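Have a look at work39.txt; it's compact mmCIF, C-alpha atoms:
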```
# COMPACT_ATOMS: atom_id res chain seq x y z
CA MET A 1 -18.37 -13.14 6.73
CA ASN A 2 -18.37 -15.78 3.99
CA TYR A 3 -14.78 -15.73 2.71
CA ARG A 4 -14.53 -16.79 -0.93
CA LEU A 5 -11.53 -17.13 -3.15
CA ALA A 6 -11.48 -14.29 -5.66
CA LEU A 7 -9.79 -14.42 -9.01
CA VAL A 8 -8.27 -11.17 -10.22
CA THR A 9 -6.97 -11.00 -13.76
CA VAL A 10 -5.19 -8.06 -15.35
CA VAL A 11 -3.94 -8.07 -18.92
CA ALA A 12 -1.33 -5.31 -18.90
CA CYS A 13 0.49 -3.89 -21.89
CA SER A 14 3.75 -2.14 -21.03
CA LEU A 15 6.32 -0.52 -23.25
CA MET A 16 7.33 -4.03 -24.32
CA THR A 17 6.23 -5.42 -27.66
CA ARG A 18 4.00 -8.11 -26.18
CA SER A 19 1.34 -7.94 -23.51
CA GLU A 20 1.80 -9.53 -20.11
CA THR A 21 -0.94 -11.22 -18.15
CA ILE A 22 -0.88 -10.59 -14.39
CA THR A 23 -3.08 -12.83 -12.29
CA GLY A 24 -3.64 -12.78 -8.54
CA ASP A 25 -5.83 -14.75 -6.16
CA ALA A 26 -6.94 -12.79 -3.11
CA GLY A 27 -9.92 -11.67 -1.09
CA ARG A 28 -9.17 -8.03 -1.83
CA PRO A 29 -9.37 -7.65 -5.62
CA LEU A 30 -8.47 -3.95 -5.89
CA ALA A 31 -5.55 -4.22 -3.46
CA THR A 32 -4.20 -7.25 -5.32
CA VAL A 33 -4.47 -5.66 -8.77
CA LEU A 34 -2.70 -2.48 -7.67
CA ASP A 35 0.06 -4.43 -5.95
CA LYS A 36 0.61 -6.48 -9.12
CA LEU A 37 0.72 -3.30 -11.19
CA GLN A 38 3.34 -1.59 -9.06
CA HIS A 39 5.60 -4.63 -9.26
CA HIS A 40 5.00 -4.77 -13.00
CA PHE A 41 6.09 -1.14 -13.44
CA LEU A 42 8.52 -1.09 -10.46
CA ARG A 43 6.98 2.23 -9.43
CA PRO A 44 5.08 2.96 -6.19
CA ILE A 45 1.29 2.69 -6.44
CA THR A 46 -0.02 3.29 -2.93
CA TYR A 47 -3.48 2.25 -1.83
CA GLU A 48 -5.80 3.07 1.05
CA GLU A 49 -8.87 0.86 1.33
CA ALA A 50 -12.22 2.53 1.86
CA PRO A 51 -13.83 1.74 5.25
CA VAL A 52 -16.25 -0.82 3.81
CA GLU A 53 -16.44 -4.59 3.98
CA SER A 54 -14.23 -6.28 1.39
CA PRO A 55 -16.27 -7.62 -1.55
CA TRP A 56 -14.45 -10.99 -1.90
CA VAL A 57 -15.67 -11.35 -5.48
CA ALA A 58 -14.08 -11.91 -8.87
CA PHE A 59 -12.81 -8.83 -10.71
CA SER A 60 -10.99 -8.55 -14.03
CA VAL A 61 -9.83 -5.71 -16.25
CA THR A 62 -8.08 -5.54 -19.60
CA LEU A 63 -5.47 -2.83 -20.13
CA ASP A 64 -4.19 -1.77 -23.55
CA SER A 65 -1.28 0.34 -24.79
CA VAL A 66 -3.01 3.56 -23.69
CA ASP A 67 -2.59 2.32 -20.12
CA SER A 68 1.18 1.80 -20.41
CA THR A 69 2.05 4.10 -17.48
CA PRO A 70 1.44 3.46 -13.75
CA TYR A 71 -1.11 6.31 -13.59
CA GLY A 72 -2.91 5.25 -16.78
CA ALA A 73 -3.10 1.64 -15.64
CA ALA A 74 -4.33 2.54 -12.14
CA ASP A 75 -6.95 4.90 -13.57
CA ALA A 76 -8.20 2.19 -15.95
CA VAL A 77 -8.40 -0.29 -13.07
CA LEU A 78 -10.52 2.13 -11.02
CA ARG A 79 -12.87 2.77 -13.94
CA ALA A 80 -13.37 -0.96 -14.38
CA TYR A 81 -13.83 -1.37 -10.62
CA ARG A 82 -16.60 1.25 -10.57
CA THR A 83 -18.28 -0.29 -13.61
CA SER A 84 -18.32 -3.65 -11.81
CA GLY A 85 -20.36 -2.08 -9.01
CA LEU A 86 -17.87 -3.04 -6.30
CA PRO A 87 -17.91 -1.09 -3.00
CA GLY A 88 -15.83 1.98 -2.24
CA ASN A 89 -15.52 5.34 -4.00
CA TYR A 90 -11.87 5.96 -4.96
CA LYS A 91 -9.69 8.62 -6.55
CA VAL A 92 -6.29 8.29 -8.20
CA VAL A 93 -3.61 11.00 -8.32
CA GLN A 94 -0.05 11.20 -9.58
CA ASN A 95 2.63 13.25 -7.86
CA ASP A 96 6.39 13.22 -8.38
CA GLY A 97 6.52 9.71 -9.77
CA TRP A 98 4.12 8.25 -7.19
CA VAL A 99 0.60 7.08 -7.95
CA SER A 100 -1.87 7.03 -5.06
CA VAL A 101 -5.30 5.42 -4.91
CA PHE A 102 -7.41 6.45 -1.93
CA PRO A 103 -11.03 6.93 -0.77
CA ALA A 104 -12.72 9.99 -2.22
CA GLN A 105 -13.85 11.07 1.27
CA ARG A 106 -11.72 11.45 4.43
CA PRO A 107 -8.70 9.24 3.67
CA VAL A 108 -6.82 8.52 6.89
CA MET A 109 -3.46 8.71 5.07
CA SER A 110 -4.09 12.43 4.50
CA SER A 111 -3.74 13.00 8.26
CA PRO A 112 -0.95 15.43 9.24
CA VAL A 113 2.20 13.98 10.81
CA THR A 114 4.66 15.89 13.01
CA PHE A 115 7.68 14.67 14.97
CA PRO A 116 11.20 16.07 15.42
CA VAL A 117 14.19 15.17 13.28
CA ALA A 118 16.31 12.48 14.94
CA GLU A 119 18.14 9.28 14.17
CA ARG A 120 15.87 6.37 15.00
CA LYS A 121 15.29 2.80 14.00
CA GLY A 122 13.31 2.65 10.78
CA THR A 123 10.52 0.70 12.45
CA GLU A 124 10.27 3.32 15.22
CA THR A 125 10.01 6.08 12.62
CA LEU A 126 7.08 4.36 10.93
CA GLN A 127 5.45 3.77 14.31
CA LEU A 128 5.58 7.54 14.93
CA VAL A 129 3.74 8.01 11.63
CA VAL A 130 1.06 5.50 12.62
CA ASP A 131 0.64 7.07 16.06
CA ALA A 132 0.17 10.51 14.46
CA ILE A 133 -2.45 9.16 12.03
CA SER A 134 -4.39 7.54 14.88
CA ARG A 135 -4.40 10.76 16.91
CA ALA A 136 -5.44 12.96 13.98
CA SER A 137 -8.10 10.64 12.51
CA GLY A 138 -9.47 9.12 15.71
CA VAL A 139 -9.38 5.63 14.23
CA LYS A 140 -7.33 2.60 15.19
CA ILE A 141 -4.33 1.91 12.94
CA LEU A 142 -1.77 -0.84 13.44
CA LEU A 143 1.62 -1.08 11.74
CA LEU A 144 2.16 -4.56 10.35
CA THR A 145 4.68 -4.89 7.50
CA VAL A 146 7.80 -2.70 7.45
CA PRO A 147 10.71 -2.47 4.97
CA PHE A 148 13.29 -2.34 7.78
CA TRP A 149 15.15 -4.85 9.88
CA GLN A 150 15.69 -4.07 13.56
CA SER A 151 19.18 -2.63 13.03
CA ASP A 152 18.24 -0.27 10.16
CA MET A 153 18.50 3.40 11.21
CA VAL A 154 16.90 6.47 9.61
CA THR A 155 17.44 10.17 10.31
CA PHE A 156 14.10 11.81 9.67
CA GLY A 157 11.44 14.22 10.92
CA ALA A 158 8.03 15.50 9.81
CA ALA A 159 6.45 18.95 10.05
CA GLY A 160 2.74 18.55 9.35
CA GLU A 161 2.89 16.78 6.00
CA SER A 162 0.29 14.14 5.18
CA ALA A 163 1.09 10.59 6.26
CA GLY A 164 1.29 9.46 2.64
CA ASP A 165 3.77 12.23 1.79
CA VAL A 166 5.84 11.38 4.87
CA ILE A 167 6.20 7.75 3.77
CA GLU A 168 7.20 8.93 0.30
CA SER A 169 9.83 11.21 1.89
CA ILE A 170 11.20 8.32 3.96
CA GLY A 171 11.71 6.45 0.71
CA LYS A 172 13.65 9.40 -0.70
CA VAL A 173 15.86 9.57 2.41
CA ILE A 174 16.83 5.90 2.17
CA LYS A 175 16.98 6.15 -1.65
CA ARG A 176 14.60 3.24 -2.13
CA PRO A 177 11.09 3.48 -3.61
CA ILE A 178 8.77 2.25 -0.89
CA SER A 179 5.02 1.91 -1.06
CA TYR A 180 2.14 1.20 1.29
CA GLN A 181 -1.27 -0.39 1.46
CA CYS A 182 -3.55 0.71 4.27
CA LEU A 183 -6.19 -2.04 4.57
CA TYR A 184 -9.41 -1.86 6.55
CA ASP A 185 -11.00 -4.63 8.61
CA ALA A 186 -14.72 -3.94 8.94
CA GLN A 187 -15.22 -6.37 11.84
CA SER A 188 -12.71 -4.67 14.15
CA LYS A 189 -12.95 -1.21 12.52
CA THR A 190 -9.17 -1.19 12.34
CA TYR A 191 -6.72 -0.17 9.61
CA TYR A 192 -3.54 -2.17 9.00
CA LEU A 193 -0.60 -0.36 7.42
CA ASN A 194 1.79 -2.40 5.28
CA VAL A 195 4.90 -0.56 4.03
CA THR A 196 7.04 -2.43 1.51
CA ILE A 197 9.94 -2.00 -0.91
CA VAL A 198 9.00 -1.74 -4.58
CA ALA A 199 12.34 -1.98 -6.38
CA PRO A 200 14.24 -5.20 -5.57
CA GLU A 201 17.77 -3.75 -5.53
CA PRO A 202 19.24 -0.88 -3.45
CA VAL A 203 21.13 2.07 -4.88
CA PRO A 204 24.88 1.38 -4.43
CA GLY A 205 26.21 2.95 -1.26
CA THR A 206 22.81 3.34 0.42
CA THR A 207 21.03 1.52 3.20
CA VAL A 208 20.71 -2.20 2.54
CA LEU A 209 17.11 -3.18 3.19
CA ARG A 210 16.66 -6.91 3.19
CA GLY A 211 13.00 -7.27 2.41
CA PRO A 212 9.67 -6.72 4.17
CA ARG A 213 9.39 -7.69 7.80
CA ILE A 214 6.45 -8.22 10.11
CA LYS A 215 6.66 -5.68 12.91
CA PRO A 216 7.81 -7.53 16.06
CA GLY A 217 4.96 -8.12 18.47
CA ALA A 218 2.30 -7.19 15.92
CA ASN A 219 -1.13 -8.52 16.90
CA THR A 220 -2.95 -10.04 13.96
CA ILE A 221 -6.54 -11.03 13.42
CA GLY A 222 -8.68 -12.67 10.81
CA PRO A 223 -8.68 -15.99 8.98
CA PRO A 224 -5.53 -17.50 7.40
CA ASP A 225 -6.41 -16.00 3.99
CA SER A 226 -6.52 -12.50 5.48
CA PRO A 227 -3.74 -10.21 4.15
CA TRP A 228 -2.61 -9.43 7.69
CA PHE A 229 -2.78 -12.91 9.18
CA VAL A 230 0.53 -14.17 10.66
CA LYS A 231 0.86 -17.70 11.93
CA LYS A 232 2.29 -17.64 15.45
CA PRO A 233 4.97 -20.28 16.22
```
Encoded form (structure tokens):
Amino acid sequence: MNYRLALVTVVACSLMTRSETITGDAGRPLATVLDKLQHHFLRPITYEEAPVESPWVAFSVTLDSVDSTPYGAADAVLRAYRTSGLPGNYKVVQNDGWVSVFPAQRPVMSSPVTFPVAERKGTETLQLVVDAISRASGVKILLLTVPFWQSDMVTFGAAGESAGDVIESIGKVIKRPISYQCLYDAQSKTYYLNVTIVAPEPVPGTTVLRGPRIKPGANTIGPPDSPWFVKKP
């Protein structure tokens, strides 16, 4: 693959009186735009990449006051993405404060997840989610970025809910809005799940999560500008 630097520009108007320009440089234009939007609004905007090769091309979209909500902004981004003729057919939905962008056909994050309620390390809980997705979808999924440190514990269980809903529920349990991006590598036919914190500060009296961590022992592939590349010491 010929990796090129892509310039992604979003002009976003929020409830503020002046517009804000959000610019990102990445090889995955849609993933970058949506990540910038969720940090702009401080609301989860989850994203599952369609199983196609990343375009690695420039993409820009201008948002106006009509797009001043996370859902409105994400919907406008998708419309511009389609108009640009970039690969992947996506849908956007809003549910209980979350906005989700996912492939129109067979999203892996819709796979059912079941495991008993127990107190576990947060990383182990997310690994159970990933294992359930892999079994249900028949595709390879690796957990890469997690919002937990090794000592963080979570009491949680799942009873057949979709993987995306389970991650949302974990966020409710720890009282922190967390989000995910499930990215696809066409060369290895593997998905990489990155789960991160959206809001920078915890609710007083709740679990203190100290920022995203790379899952210990995670195997990474791809060039240094890949979103899942980790330089080994």
Task: Atomic distance CA of Glu48 in chain A - CA of Met153 in chain A, expressed in Å with one decimal - done: 26.3 Å
TODO: Could you tell me which of A:Ser169, A:Thr114, A:Ser60, A:Ser54 comes closest to Val33 in chain A if we count only C-alpha atoms?
DONE: A:Ser60
TODO: Considering all atoms listed in the file, state which residue in the set A:Phe156, A:Tyr192, A:Tyr81, A:Phe148 is at the smallest distance from Met109 in chain A.
DONE: A:Tyr192
- [ ] Name the residues in contact with range 87-92 of chain A at a cut-off of 10 Å, using all atoms listed in the file, excluding same-chain residues fewer than 3 positions from it; report them as a ChimeraX atom specification.
- [x] /A:45-55,71-72,74-75,78-79,81-82,84,99-105,107
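Closest approach to Thr125 in chain A among A:Gln181, A:His40, A:Leu34, A:Gly157 is made by A:Gly157 (distances from all atoms listed in the file).
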Task: Atomic separation - CA of Val129 in chain A relative to CA of Pro177 in chain A, Å - done: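 These atoms are spaced 17.5 Å apart.
Between CA of Pro112 in chain A and CA of Ala163 in chain A lies a distance of 6.0 Å.
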Task: Among listed residues A:Ser179, A:Ser110, A:Gln150, A:Thr32, nearest Ala136 in chain A (using only C-alpha atoms) - done: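 Closest to Ala136 in chain A, using only C-alpha atoms: A:Ser110.
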